[in-house]
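S.K.: Sharing coords27.cif (mmCIF, C-alpha atoms) below.
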```
data_final
#
loop_
_atom_site.label_atom_id
_atom_site.label_comp_id
_atom_site.auth_asym_id
_atom_site.auth_seq_id
_atom_site.Cartn_x
_atom_site.Cartn_y
_atom_site.Cartn_z
CA MET Z 231 -21.15 -16.97 5.04
CA SER Z 232 -24.61 -17.54 3.71
CA GLU Z 233 -26.44 -14.64 2.10
CA MET Z 234 -29.10 -12.94 4.20
CA THR Z 235 -32.40 -11.81 2.71
CA GLY Z 236 -35.08 -9.26 3.50
CA GLY Z 237 -37.08 -11.31 5.99
CA HIS Z 238 -34.06 -12.41 8.05
CA PRO Z 239 -31.58 -10.65 10.31
CA GLY Z 240 -29.15 -8.43 8.43
CA PHE Z 241 -25.81 -7.24 9.75
CA ASP Z 242 -26.92 -7.41 13.39
CA ASP Z 243 -26.29 -11.13 13.81
CA ARG Z 244 -22.64 -10.67 12.89
CA PRO Z 245 -19.83 -10.34 15.45
CA TYR Z 246 -19.52 -6.66 14.45
CA PRO Z 247 -23.08 -5.42 13.90
CA TRP Z 248 -24.02 -2.20 12.20
CA ARG Z 249 -25.31 0.36 14.70
CA SER Z 250 -28.79 -0.37 16.05
CA GLN Z 251 -31.36 2.23 17.00
CA THR Z 252 -34.14 2.00 19.56
CA LEU Z 253 -37.52 1.36 17.96
CA PRO Z 254 -41.01 1.25 19.44
CA GLY Z 255 -41.56 -2.32 20.62
CA GLY Z 256 -37.87 -3.19 20.19
CA GLU Z 257 -35.62 -3.87 17.20
CA GLY Z 258 -37.80 -6.69 15.89
CA SER Z 259 -41.06 -4.78 16.13
CA TYR Z 260 -43.57 -5.74 13.42
CA GLY Z 261 -41.70 -9.05 12.95
CA THR Z 262 -41.37 -9.81 9.24
CA SER Z 263 -44.43 -7.71 8.35
CA TRP Z 264 -42.40 -4.54 7.83
CA ALA Z 265 -39.97 -6.31 5.49
CA GLU Z 266 -42.89 -7.71 3.51
CA LEU Z 267 -44.45 -4.24 3.28
CA THR Z 268 -41.30 -2.51 2.02
CA ASP Z 269 -40.46 -5.40 -0.34
CA THR Z 270 -43.94 -5.09 -1.82
CA LEU Z 271 -43.55 -1.33 -2.14
CA ALA Z 272 -40.19 -1.76 -3.87
CA CYS Z 273 -41.77 -4.26 -6.27
CA PHE Z 274 -44.56 -1.78 -7.04
CA LEU Z 275 -42.06 0.99 -7.79
CA ASP Z 276 -40.08 -1.30 -10.11
CA ARG Z 277 -43.24 -2.32 -11.99
CA LEU Z 278 -44.47 1.26 -12.19
CA ALA Z 279 -41.12 2.33 -13.64
CA ALA Z 280 -41.24 -0.50 -16.20
CA ALA Z 281 -44.88 0.08 -17.26
CA ALA Z 282 -46.76 2.31 -19.69
CA PRO Z 283 -50.33 2.04 -18.29
CA ASP Z 284 -53.32 3.57 -20.04
CA GLU Z 285 -55.09 6.57 -18.55
CA ALA Z 286 -57.80 4.48 -16.89
CA MET Z 287 -55.18 2.43 -15.05
CA VAL Z 288 -53.31 5.59 -14.03
CA ARG Z 289 -56.48 7.09 -12.58
CA SER Z 290 -57.30 3.85 -10.76
CA LEU Z 291 -53.83 3.58 -9.26
CA THR Z 292 -53.89 7.24 -8.24
CA GLY Z 293 -57.15 6.70 -6.39
CA ASP Z 294 -55.85 3.60 -4.64
CA LEU Z 295 -52.61 5.28 -3.57
CA SER Z 296 -54.45 8.35 -2.35
CA ALA Z 297 -56.67 6.15 -0.19
CA TRP Z 298 -53.67 4.36 1.31
CA ALA Z 299 -51.95 7.69 2.00
CA ASP Z 300 -55.07 8.85 3.85
CA LYS Z 301 -55.02 5.66 5.95
CA LEU Z 302 -51.43 6.32 7.01
CA GLU Z 303 -51.87 9.99 7.90
CA PRO Z 304 -53.34 9.36 11.39
CA HIS Z 305 -50.32 7.17 12.21
CA ALA Z 306 -47.73 9.93 11.72
CA VAL Z 307 -45.10 10.03 14.51
CA THR Z 308 -41.96 11.96 15.37
CA GLU Z 309 -38.71 11.15 13.57
CA ARG Z 310 -37.36 9.13 16.50
CA GLU Z 311 -40.46 6.92 16.53
CA ARG Z 312 -40.48 6.07 12.82
CA VAL Z 313 -39.72 2.62 11.49
CA PHE Z 314 -38.84 3.36 7.83
CA GLY Z 315 -35.07 3.12 7.37
CA ARG Z 316 -34.47 2.20 11.02
CA ARG Z 317 -34.97 -1.58 11.03
CA THR Z 318 -31.25 -2.29 11.30
CA ASP Z 319 -32.02 -5.99 11.78
CA LEU Z 320 -33.25 -6.14 8.16
CA ALA Z 321 -31.32 -6.04 4.91
CA GLY Z 322 -31.86 -2.54 3.50
CA ARG Z 323 -32.93 -1.22 6.94
CA GLY Z 324 -36.58 -1.62 5.98
CA GLN Z 325 -36.63 1.24 3.47
CA THR Z 326 -37.06 1.69 -0.30
CA MET Z 327 -35.15 4.93 -0.84
CA SER Z 328 -31.99 3.15 -2.00
CA PRO Z 329 -31.35 -0.35 -3.44
CA LYS Z 330 -31.43 -3.12 -0.85
CA VAL Z 331 -27.92 -4.06 0.28
CA VAL Z 332 -27.64 -7.67 1.49
CA VAL Z 333 -24.57 -8.35 3.63
CA THR Z 334 -22.66 -11.57 2.92
CA ALA Z 335 -19.56 -11.06 5.12
CA SER Z 336 -18.31 -8.51 7.64
CA ALA Z 337 -15.52 -7.65 10.07
CA PRO Z 338 -14.85 -4.58 12.24
CA ASP Z 339 -13.45 -2.54 9.34
CA THR Z 340 -14.82 -4.28 6.23
CA VAL Z 341 -18.07 -5.37 4.68
CA GLU Z 342 -19.02 -7.37 1.59
CA ALA Z 343 -22.54 -7.43 0.20
CA THR Z 344 -24.71 -7.90 -2.85
CA VAL Z 345 -27.07 -5.37 -4.38
CA ARG Z 346 -29.47 -5.29 -7.30
CA PHE Z 347 -30.71 -2.09 -8.95
CA GLY Z 348 -34.32 -2.57 -10.09
CA ASP Z 349 -36.14 -0.70 -12.85
CA TYR Z 350 -37.01 2.06 -10.38
CA PHE Z 351 -33.32 3.07 -10.47
CA LEU Z 352 -32.96 3.01 -14.26
CA GLY Z 353 -31.13 5.96 -15.78
CA GLY Z 354 -31.29 4.81 -19.40
CA ASN Z 355 -30.04 2.18 -21.85
CA GLY Z 356 -30.07 -0.54 -19.21
CA ALA Z 357 -27.85 1.37 -16.78
CA ALA Z 358 -28.58 2.51 -13.23
CA HIS Z 359 -29.11 6.23 -12.75
CA GLY Z 360 -25.85 8.00 -11.93
CA GLY Z 361 -27.30 9.39 -8.71
CA ALA Z 362 -28.42 5.97 -7.45
CA VAL Z 363 -24.87 4.62 -7.30
CA PRO Z 364 -23.46 7.14 -4.77
CA LEU Z 365 -26.71 6.80 -2.80
CA MET Z 366 -25.94 3.10 -2.45
CA PHE Z 367 -22.31 3.80 -1.56
CA ASP Z 368 -23.39 6.26 1.14
CA GLU Z 369 -25.69 3.61 2.61
CA VAL Z 370 -22.89 1.02 2.74
CA LEU Z 371 -20.06 3.26 3.94
CA GLY Z 372 -22.23 5.22 6.35
CA ARG Z 373 -23.39 2.07 8.10
CA LEU Z 374 -19.86 0.63 8.15
CA ALA Z 375 -18.56 3.86 9.70
CA ASN Z 376 -21.20 3.51 12.43
CA SER Z 377 -20.53 -0.19 13.13
CA ALA Z 378 -18.49 -2.11 15.71
CA GLY Z 379 -19.23 0.23 18.60
CA ARG Z 380 -17.91 3.37 16.91
CA PRO Z 381 -19.68 6.63 17.78
CA ALA Z 382 -22.37 7.92 15.42
CA GLN Z 383 -20.96 9.40 12.21
CA ARG Z 384 -22.17 11.79 9.54
CA THR Z 385 -21.14 11.95 5.88
CA ALA Z 386 -18.73 14.85 5.32
CA ALA Z 387 -17.70 14.00 1.75
CA LEU Z 388 -18.41 11.28 -0.79
CA HIS Z 389 -16.67 11.02 -4.16
CA THR Z 390 -17.74 8.48 -6.79
CA ASP Z 391 -15.85 7.45 -9.93
CA TYR Z 392 -17.84 5.64 -12.62
CA ARG Z 393 -15.68 3.01 -14.32
CA SER Z 394 -18.27 1.09 -16.34
CA ILE Z 395 -22.03 0.77 -16.76
CA THR Z 396 -23.86 -0.34 -13.62
CA PRO Z 397 -26.47 -2.71 -15.09
CA ILE Z 398 -30.10 -2.88 -14.05
CA GLY Z 399 -31.48 -6.20 -12.81
CA LYS Z 400 -28.12 -7.90 -12.18
CA LYS Z 401 -26.64 -9.19 -8.94
CA LEU Z 402 -23.68 -6.96 -8.12
CA THR Z 403 -20.98 -7.17 -5.45
CA VAL Z 404 -20.18 -4.30 -3.10
CA ARG Z 405 -17.05 -4.16 -0.93
CA GLY Z 406 -16.35 -1.46 1.62
CA TRP Z 407 -13.52 -0.89 4.07
CA ILE Z 408 -12.21 1.68 6.51
CA GLU Z 409 -8.90 2.94 5.16
CA ARG Z 410 -7.78 4.96 8.17
CA GLU Z 411 -8.93 6.97 11.18
CA GLU Z 412 -7.72 10.41 12.26
CA GLY Z 413 -9.33 11.63 15.44
CA ARG Z 414 -13.05 12.04 14.74
CA LYS Z 415 -12.53 11.40 11.01
CA ARG Z 416 -13.05 8.06 9.26
CA PHE Z 417 -11.78 7.61 5.70
CA LEU Z 418 -13.50 4.79 3.79
CA ARG Z 419 -13.47 3.28 0.32
CA ALA Z 420 -15.81 1.00 -1.62
CA THR Z 421 -16.08 -0.76 -4.97
CA LEU Z 422 -19.02 -2.05 -7.01
CA HIS Z 423 -18.48 -5.00 -9.37
CA HIS Z 424 -20.54 -6.90 -11.92
CA GLY Z 425 -18.61 -10.13 -12.05
CA ASP Z 426 -15.04 -9.14 -12.86
CA VAL Z 427 -16.05 -5.72 -14.18
CA LEU Z 428 -15.50 -2.71 -11.93
CA CYS Z 429 -18.62 -0.56 -12.29
CA ALA Z 430 -17.77 2.20 -9.81
CA GLU Z 431 -15.69 3.05 -6.78
CA ALA Z 432 -16.07 5.58 -4.01
CA GLN Z 433 -14.13 7.45 -1.36
CA GLY Z 434 -15.93 8.73 1.71
CA LEU Z 435 -15.12 10.89 4.72
CA PHE Z 436 -17.28 10.44 7.80
CA VAL Z 437 -16.98 12.47 10.99
CA ALA Z 438 -17.96 11.31 14.47
CA LEU Z 439 -20.60 13.46 16.14
CA LYS Z 440 -19.75 15.32 19.32
CA PRO Z 441 -21.75 14.43 22.45
CA GLY Z 442 -25.24 15.90 22.11
CA GLN Z 443 -24.72 16.85 18.47
CA PRO Z 444 -27.82 16.04 16.34
#
```
Go ahead and render the structure in this file as structure tokens.
M.R.:
Amino acid sequence: MSEMTGGHPGFDDRPYPWRSQTLPGGEGSYGTSWAELTDTLACFLDRLAAAAPDEAMVRSLTGDLSAWADKLEPHAVTERERVFGRRTDLAGRGQTMSPKVVVTASAPDTVEATVRFGDYFLGGNGAAHGGAVPLMFDEVLGRLANSAGRPAQRTAALHTDYRSITPIGKKLTVRGWIEREEGRKRFLRATLHHGDVLCAEAQGLFVALKPGQP
């Protein structure tokens, strides 16, 4: 399958889409504008992390960001009405909290994707921060657990083993699969590779919510 990118449909055009949520104006609200906004924000965070600006630049950026924050304040809404992290039609769900995961293949119980950790996620010596890797795994496995018509799930446990350095700025491959189901429990696994090198692997336990459970 061809790789999907930020401005195009993500998992939702597959036969077994990741769970969608109702958004104001529908799933495609804001068109590609939201993807462009979050991509630009992610680029800013990467460049900020990679820079050593002088004090004048820091003060200028602080003023600009403060002004933009003030512009957004009147547009605050309830959690259910927010767009950030809920655009399930976009790669990365239209958020910048974790690295953007781009799905390349999927089935009811499996998913394959690519991911790139930018400078914002640098831990040191060219390697991704140790906390960013399980964050990415939780994003992949959590969405897989919620896909294909399964009831909403929550993360109950997530264990990550680090096998090699996860490099910054490289295209990596993520594979996730549901290992087994026991009642409300879903047991999943995932791997992260740089070429033939296994960078990390994870085991997750996700539990289906009861009716009415938040």
S.K.: Can you work out which one of Z:Arg277, Z:Arg373, Z:Arg316, Z:Arg346 has the shortest atom-to-atom distance to Leu418 (chain Z), counting all atoms listed in the file?
M.R.: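 Checking each of Z:Arg277, Z:Arg373, Z:Arg316, Z:Arg346 against Leu418 (chain Z), counting all atoms listed in the file, the winner is Z:Arg373.
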S.K.: Do you have the CA of Ala357 (chain Z)-CA of Thr396 (chain Z) distance handy?
M.R.: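 So the two atoms, CA of Ala357 (chain Z) and CA of Thr396 (chain Z), lie 5.4 Å apart.
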S.K.: Between CA of His359 (chain Z) and CA of Thr421 (chain Z), measure the distance and give it in Å to one decimal.
M.R.: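 Value for the CA of His359 (chain Z)-CA of Thr421 (chain Z) distance: 16.7 Å.
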S.K.: Go ahead and compute the interatomic distance for CA of Ala387 (chain Z) and CA of Gly413 (chain Z), in Å to one decimal.
M.R.: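 Answer for the CA of Ala387 (chain Z) to CA of Gly413 (chain Z) separation: 16.2 Å.
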S.K.: Expand the PyMOL selection byres ((chain Z and resi 388) around 6) into the individual residues it matches in the shown file, reporting them as a ChimeraX atom specification.
M.R.: /Z:387,389,433-434
